[in-house]
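Q: Right, I'll just put the structure down here and ask away after.
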Amino acid sequence: MKRVFLFLSLIFSFGCTLTSCAKAGDNTVRQAMQAYGSGQYETALQFFTQALNEDTNYSDEILYTFIANVYANQGEYEKAIEAQKKSLELRADYRGYVTLGMLCHLIKNDEDSAKAYRNAIALDEKKGEAYASLGALYLGQENAKEALPLLEKAGELEPNIAVIQANLAVAYAMSGDREKSNEALFRARELKCENIEQFEDKIDEISAQAEKSR
């Protein structure tokens, strides 16, 4: 099964040796990681859930994030969302809200997806991913008016991310600015955007519709 989310790297980073700072429940978390790594998702969930009731060096919000990740990789998005929300209730986190937005979009709950991305932006206005994700969401709804300023902001913050430039090219095309669309598309090609043909086809489709309406 293709994994939708990258499993977070779990390391001890407490500035001391494992023997001096390890807690009893840390072994449960290690077992969960090992089970996850070998594709034993149900076993991993059992160990992560068990760790919530044990004394570990991992906070509950991190454990809930791990649980959400396991569910997401099994395609159980509703359960992943529930676990991710529990994590965010314990501690608001930029990455956590971006992940929640992605999960909500996967079950076609774009209203909650947009809220999650906006919460991420409120937490850190200097990171581009949430702007880009929210812009892409509106772009998928053919809402260039909402998408364009978000994608422009994302492009300003993350100028070397190819897919942002490709989405910008589509948004500019939808807005009738072919010159800027071509510039963004050229930049996306320079950055070796994956599936660039899909964006080019979309822009061609937009251009053809514009010609017909004249």
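Residues in the structure tokens are named by chain (A, B, ... in the order shown) and by number from 1 within that chain; ligands are numbered from 1 in the order shown.
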As a count of residues only, please: the residues near Ser113 (chain A) (cut-off 10 Å, only C-alpha atoms, same-chain neighbours under 5 positions excluded).
A: 17
Q: Would you mind listing what lies within 10 Å of Ala144 (chain A) as number ranges by chain, with only C-alpha atoms counted and same-chain residues fewer than 2 positions away left out?
A: A: 135-136, 138-142, 146-151, 168, 170-175
Q: Taking 6 positions as the minimum chain separation for residues in the same chain, which residues sit within 7 Å of region 44-57 of chain A when counting only C-alpha atoms? Answer as a list in words.
A: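 In the requested format, the answer is Lys23, Ala24, Gly25, Asp26, Thr28, Val29, Gln31, Ala32, Met33, Ala35, Tyr36, Leu63 and Ile67 of chain A.
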Q: Within 12 Å of Glu82 (chain A), counting only C-alpha atoms, which residues show up once you throw out same-chain ones fewer than 5 positions away? Write them as JSON, numbers by chain, please.
A: {"A": [64, 65, 67, 68, 69, 71, 72, 76, 77, 87, 88, 89, 100, 103, 104]}
Q: For Tyr94 (chain A), work out the shell of residues within 8 Å, counting only C-alpha atoms and skipping chain neighbours fewer than 5 positions away, then give it as an NGL selection string.
A: :A and (119-121 or 123-124)
Q: Neighbours of Ala166 (chain A) within 12 Å (only C-alpha atoms; same-chain residues fewer than 3 positions away dropped), as a PyMOL selection string?
A: chain A and resi 132+135-136+139+148+151-152+154-155+159-163+169-173+180-203
Q: Just how far from CA of Gln165 (chain A) is CA of Gln84 (chain A), in Å to one decimal?
A: 29.4 Å
Q: From a DSSP calculation on the backbone, collect every residue of region 19-208 of chain A in alpha helix (DSSP H) and output the set as a PyMOL selection string.
A: chain A and resi 19-21+26-37+41-51+60-73+77-90+94-106+110-123+129-140+144-157+162-174+178-190+196-208
Q: To one decimal place in Å, what is the distance between CA of Asn27 (chain A) and CA of Glu61 (chain A)?
A: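 Spanning CA of Asn27 (chain A) to CA of Glu61 (chain A) is a straight-line distance of 18.0 Å.
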Q: Using only C-alpha atoms for the distances, tell me which of A:Arg178, A:Ala116, A:Ser213, A:Tyr58 is nearest to Ala92 (chain A).
A: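 Once distances to Ala92 (chain A) are computed over only C-alpha atoms, the minimum belongs to A:Ala116.
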